[in-house]
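Down below is the structure, laid out as structure tokens.
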Amino acid sequence: MLRLLRYFRPYKRLLLLAVVSNLLMSLFLVVSIPVLQPFLQILFDLPGKAAAPPALQAATGFRALEQAVSGYFADLVRTQGRERALLWVCGLLVFTFLGKNLFRYLSLYFLAPVRNGVVRDLRNRLVVKILELPLSYFSEARKGDLMSRASADVQEVDSSIIGVVESVAREPIIILGSLAFMLYVSPTLLGFALLLMLFSGLVIGRIGLALRRQSREAQGNLGMVSAVLEETLGGLRIIKGFNAQRWQQARYERENARYAALLTRIGRRRDLASPLSEFLGIVAVAVILWFGARQVFSGEMTAPTFITFLYAFYNIIEPAKRLSAASYSIRKGLGALERVEALLAEPVSIRDQEDAQPVQAFREGIEFQRVSFRYPNAETDALRDISLAIPKGKVVALVGASGAGKSTLADLLPRFYDVTEGRILLDGVDIRRLRIRDLRALMGIVSQEAILFNDTVRNNIAFGLEGVSDADIEAAARAAHAHEFITALPHGYDTNIGERGTKLSGGQRQRLTIARALLRNPPILILDEATSALDSESEKVVQAALNRLLQNRTALVIAHRLSTVQHADEIIVLDQGRIVQRGKHESLLQQGGIYQNLVALQAL
Ligand code: ADP
């Protein structure tokens with residue numbers, strides 16, 4: 001509960017206003033109870049004083065108020081006649097309900113920005129966290145889980161916990177007020193009512209307990225359903241290409257059916273709650289009617305008092321229901337909040353050391369010293385005992401079959417992952433001792449898939465850089481051989497890449513990412529060449545852009561193109577995480593072995 005309060009701290013003032021409004025609202029409701037009594041007295045033409053049961057003459061504040069009210073009305077009836085008095089009572093009723101509902105609205109009015117603010121803050125913190133967490137955190141399974149936490153769980157926190165704020169501030173007062181009145185009217189009757197409520201509360205509570213467990217299960221199940229859907233969307237090309245629609249469809253339907261079945265079970269149980277509680281409620285009312293009416297018959301209580309008692313009882317039922325629903329909600333919401341908080345508390349394993357060194361420039365070179373790396377949860381090392389040097393200004397190419405460890409090796413350099421053994425030095429300093437921001441600022445990354453964002457061409461090139469001039473962007477685009485096709489787009493540099501109709505070819509997308517790297521002009525380049533086949537024309541243009549990018553740069557290239565491999569200063573041949581061959585193109589060719597095979601495959 002206390003953890004929850006933290007989230008409301010920025011909204012203290014609004015919250016206070018809402019609570020005060022709620023208090024006033026409850027006050028009006030409680031006051032409406034004794035007002036009903038004089039109305040009934042007038043209706044049944046009974047004298048005012050008779051309403052007070054003689055057994056309880058101790059003057060409580062509440063009672064004094066009630067007596068004052070009924071005494072006042074008795075006077076009113078005497079002096080102004082029944083009709084006039086009736087008008088007054090009705091007017092008073094209208095007034096109290098006007099007050100009640102006015103403050104009810106006001107409290108909601110103040111709460112609206114609070115609840116939306118709390119949820120907004122939570123979402124923002126989630127994204128900050130996602131951006132901060134190391135790449136190793138995001139396996140495919142976790143991405144689905146993350147999506148569900150960011151949407152469903154945050155929604156859950158929203159709908160459950162915030163509603164509770166209303167209830168917690170309001171219902172207890174209404175309940176206490178009504179209880180006080182009932183206690184004053186007839187303690188026995190109240191005792192009865194409470195016993196009955198307790199009983200029905202227990203029955204309903206049991207249903208709620210099972211519901212809670214099942215809805216947790218459902219949340220997990222929904223995650224699975226969306227994970228399969230996401231996979232389907234991401235893999236549409238492959239699914240269709242392999243004629244695997246039926247297969248994928250079956251997978252989805254299986255998960256979906258399980259989810260639906262669970263929801264049905266939950267739904268049935270939940271639907272049971274309302275009829276059952278209505279029935280239990282009417283049983284309670286019947287018992288109270290029976291008991292109370294007997295008291296009226298025997299003259300222990302007047303009919304108006306009894307009816308007012310029933311009204312007070314009725315006033316308790318709804319708030320009590322809401323309060324118990326609120327406690328259920330709190331637990332459900334806390335569950336969701338816990339899942340969100342677990343993510344927020346996830347340790348950021350890759351972060352700056354306390355005394356991280358700033359880096360201004362890149363002077364000598366990069367060196368991998370006996371580096372080994374194993375993915376978390378993996379059984380074997382993805383890289384084993386890798387030693388290599390990339391002197392400044394040289395290009396080192398990584399080649400090897402898929403799964404050999406090329407991307408893993410490249411990911412270690414910007415510290416997307418940290419080495420398990422050994423170390424990586426930049427100008428002789430372990431990269432773990434450098435400021436991550438500075439380290440990454442030295443590097444430009446061009447990935448295999450051209451990652452573009454739903455934004456303008458200009459922003460996709462400037463990506464992450466602030467205050468870049470249009471001239472610089474254009475120069476980078478020209479150097480990447482992208483200027484021409486960009487100007488041919490409907491809105492030139494302002495064309496939104498995400499918009500329909502602006503479909504870029506694979507080669508064009510690549511040239512945009514190359515322009516992005518050129519604009520940054522980083523001393524070190526990590527290049528994962530695209531394997532996707534381009535037509536020879538765009539291949540040539542892309543290659544020209546790449547050559548431009550590689551000029552005067554230190555580069556680690558995951559090489560798929562023969563041209564890049566041939567011009568590399570050193571070629572590292574990886575196989576199952578180990579370096580098996582290294583050297584220049586010609587000498588490696590003469591050695592034969594894996595390299596020769598790879599080149600032979602490429603030349604096809
Ligand atoms: P390449 O780039 O040469 O195709 P990778 O570096 O992607 O090879 O993969 C090297 C090895 O590490 C492979 O055996 C692959 O299955 C494994 N691997 C890659 N990424 C992960 C990951 N996130 N978690 C666990 N294992 C991984």
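Chain identifiers are assigned as A, B, and so on, following the order in which chains appear in the structure tokens; residues are numbered from 1 within each chain, and ligands are numbered from 1 in order of appearance.
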
Show me a table, sorted first by chain and then by increasing residue number, of the residues of chain A having an atom at most 7 Å from ligand 1, each with its shortest atom pair and the distance in Å to one decimal, counting only C-alpha atoms and all ligand atoms and written as a Markdown table.
| residue | atom | partner | partner_atom_place_in_ligand_line | distance |
| --- | --- | --- | --- | --- |
| A:Ser136 | CA | ligand 1 | 23 (N) | 6.2 |
| A:Ser139 | CA | ligand 1 | 23 (N) | 6.1 |
| A:Tyr375 | CA | ligand 1 | 25 (C) | 4.8 |
| A:Pro376 | CA | ligand 1 | 25 (C) | 6.7 |
| A:Ala378 | CA | ligand 1 | 25 (C) | 5.5 |
| A:Ala382 | CA | ligand 1 | 12 (O) | 4.5 |
| A:Gly400 | CA | ligand 1 | 3 (O) | 6.2 |
| A:Ala401 | CA | ligand 1 | 3 (O) | 6.1 |
| A:Ser402 | CA | ligand 1 | 4 (O) | 3.5 |
| A:Gly403 | CA | ligand 1 | 8 (O) | 3.3 |
| A:Ala404 | CA | ligand 1 | 3 (O) | 3.9 |
| A:Gly405 | CA | ligand 1 | 6 (O) | 3.2 |
| A:Lys406 | CA | ligand 1 | 3 (O) | 3.7 |
| A:Ser407 | CA | ligand 1 | 2 (O) | 3.6 |
| A:Thr408 | CA | ligand 1 | 6 (O) | 3.6 |
| A:Leu409 | CA | ligand 1 | 6 (O) | 6.4 |
| A:Gly577 | CA | ligand 1 | 10 (C) | 6.8 |

- Message: At a cut-off of 12 Å, using only C-alpha atoms, what residues contact Leu337 of chain A? Leave out same-chain residues fewer than 2 positions from it and give the result as a PyMOL selection string.
- Response: chain A and resi 1+3-4+7+118-119+122-123+126+149-162+329-335+339-345

- Task: Pick out the closest residue to Pro275 of chain A from this set: A:Ile204, A:Lys12, A:Thr305, A:Glu586. Count only C-alpha atoms.
- Result: A:Ile204

- Message: If I take atom CA of Ile473 of chain A and atom CA of Ile451 of chain A, how far is one from the other in Å, to one decimal?
- Response: 17.7 Å

Please identify all polymer residues within 10 Å of Gly223 of chain A, counting only C-alpha atoms, omitting same-chain residues fewer than 2 positions from it, and present them as a JSON list (two decimals) with C-alpha atoms, in the first residue's frame.
[["chain", "number", "residue", "atom", "x", "y", "z"],
["A", 141, "ALA", "CA", 10.13, -14.24, -25.19],
["A", 144, "GLY", "CA", 6.26, -10.26, -25.71],
["A", 145, "ASP", "CA", 6.19, -10.16, -21.94],
["A", 146, "LEU", "CA", 7.35, -6.58, -22.04],
["A", 147, "MET", "CA", 4.64, -5.55, -24.44],
["A", 148, "SER", "CA", 2.04, -7.08, -22.17],
["A", 149, "ARG", "CA", 3.48, -5.35, -19.12],
["A", 152, "ALA", "CA", -2.09, -4.66, -20.10],
["A", 218, "ALA", "CA", -5.24, -15.43, -17.95],
["A", 219, "GLN", "CA", -2.80, -12.55, -18.05],
["A", 220, "GLY", "CA", 0.03, -14.97, -18.78],
["A", 221, "ASN", "CA", -2.07, -16.70, -21.40],
["A", 225, "VAL", "CA", -1.50, -15.26, -27.59],
["A", 226, "SER", "CA", -0.01, -11.91, -28.48],
["A", 227, "ALA", "CA", 3.46, -13.41, -28.74],
["A", 228, "VAL", "CA", 2.27, -15.82, -31.42],
["A", 229, "LEU", "CA", 0.46, -13.01, -33.20],
["A", 255, "GLU", "CA", -3.15, -20.68, -27.75],
["A", 259, "TYR", "CA", -7.18, -18.44, -23.50]]

- Test item: residues at most 10 Å from Val446 of chain A, only C-alpha atoms, excluding those fewer than 2 positions along its chain, as number ranges by chain: A: 443-444, 448-451, 510-511, 513-517, 525-530, 546, 557

- Message: Under the rule that only C-alpha atoms are counted, which of A:Lys392, A:Gly464, A:Asp427, A:Arg170 is the nearest residue to Asn552 of chain A?
- Response: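 That would be A:Lys392, the residue with the smallest distance to Asn552 of chain A.
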
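Near Tyr311 of chain A, within 8 Å and counting only C-alpha atoms, sit A:Ile33, A:Ile307, A:Asn315; same-chain residues fewer than 4 positions away were not included.
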
Could you write those residues out with all heavy atoms, as a compact mmCIF listing (two decimals), in the first residue's frame?
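The result, stored in again_6.txt:
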# COMPACT_ATOMS: atom_id res chain seq x y z
N ILE A 33 -30.00 10.76 5.44
CA ILE A 33 -30.72 9.69 6.13
C ILE A 33 -31.74 10.22 7.14
O ILE A 33 -32.93 9.91 7.03
CB ILE A 33 -29.74 8.71 6.81
CG1 ILE A 33 -28.90 8.02 5.73
CG2 ILE A 33 -30.51 7.66 7.62
CD1 ILE A 33 -27.80 7.16 6.27
N ILE A 307 -38.47 2.30 8.22
CA ILE A 307 -38.19 2.54 6.80
C ILE A 307 -36.88 3.32 6.65
O ILE A 307 -36.06 3.02 5.77
CB ILE A 307 -39.36 3.30 6.12
CG1 ILE A 307 -40.58 2.38 6.12
CG2 ILE A 307 -38.99 3.71 4.70
CD1 ILE A 307 -41.83 3.03 5.59
N ASN A 315 -28.09 2.06 2.07
CA ASN A 315 -26.95 2.94 1.82
C ASN A 315 -25.62 2.28 2.17
O ASN A 315 -24.57 2.69 1.70
CB ASN A 315 -27.08 4.22 2.65
CG ASN A 315 -27.76 5.30 1.85
OD1 ASN A 315 -27.61 5.33 0.64
ND2 ASN A 315 -28.51 6.14 2.51

- Task: Quick one: everything within 12 Å of Ser26 of chain A, counting only C-alpha atoms, minus sequence neighbours fewer than 5 positions away in the same chain. Send it as number ranges by chain.
- Result: A: 19-21, 31-33, 96-97, 99-104, 107, 166-178, 315-316, 319

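Candidate residues A:Ile130, A:Ile282, A:Val573, A:Val35 were compared for distance to Leu92 of chain A, and the nearest is A:Val35, using only C-alpha atoms.
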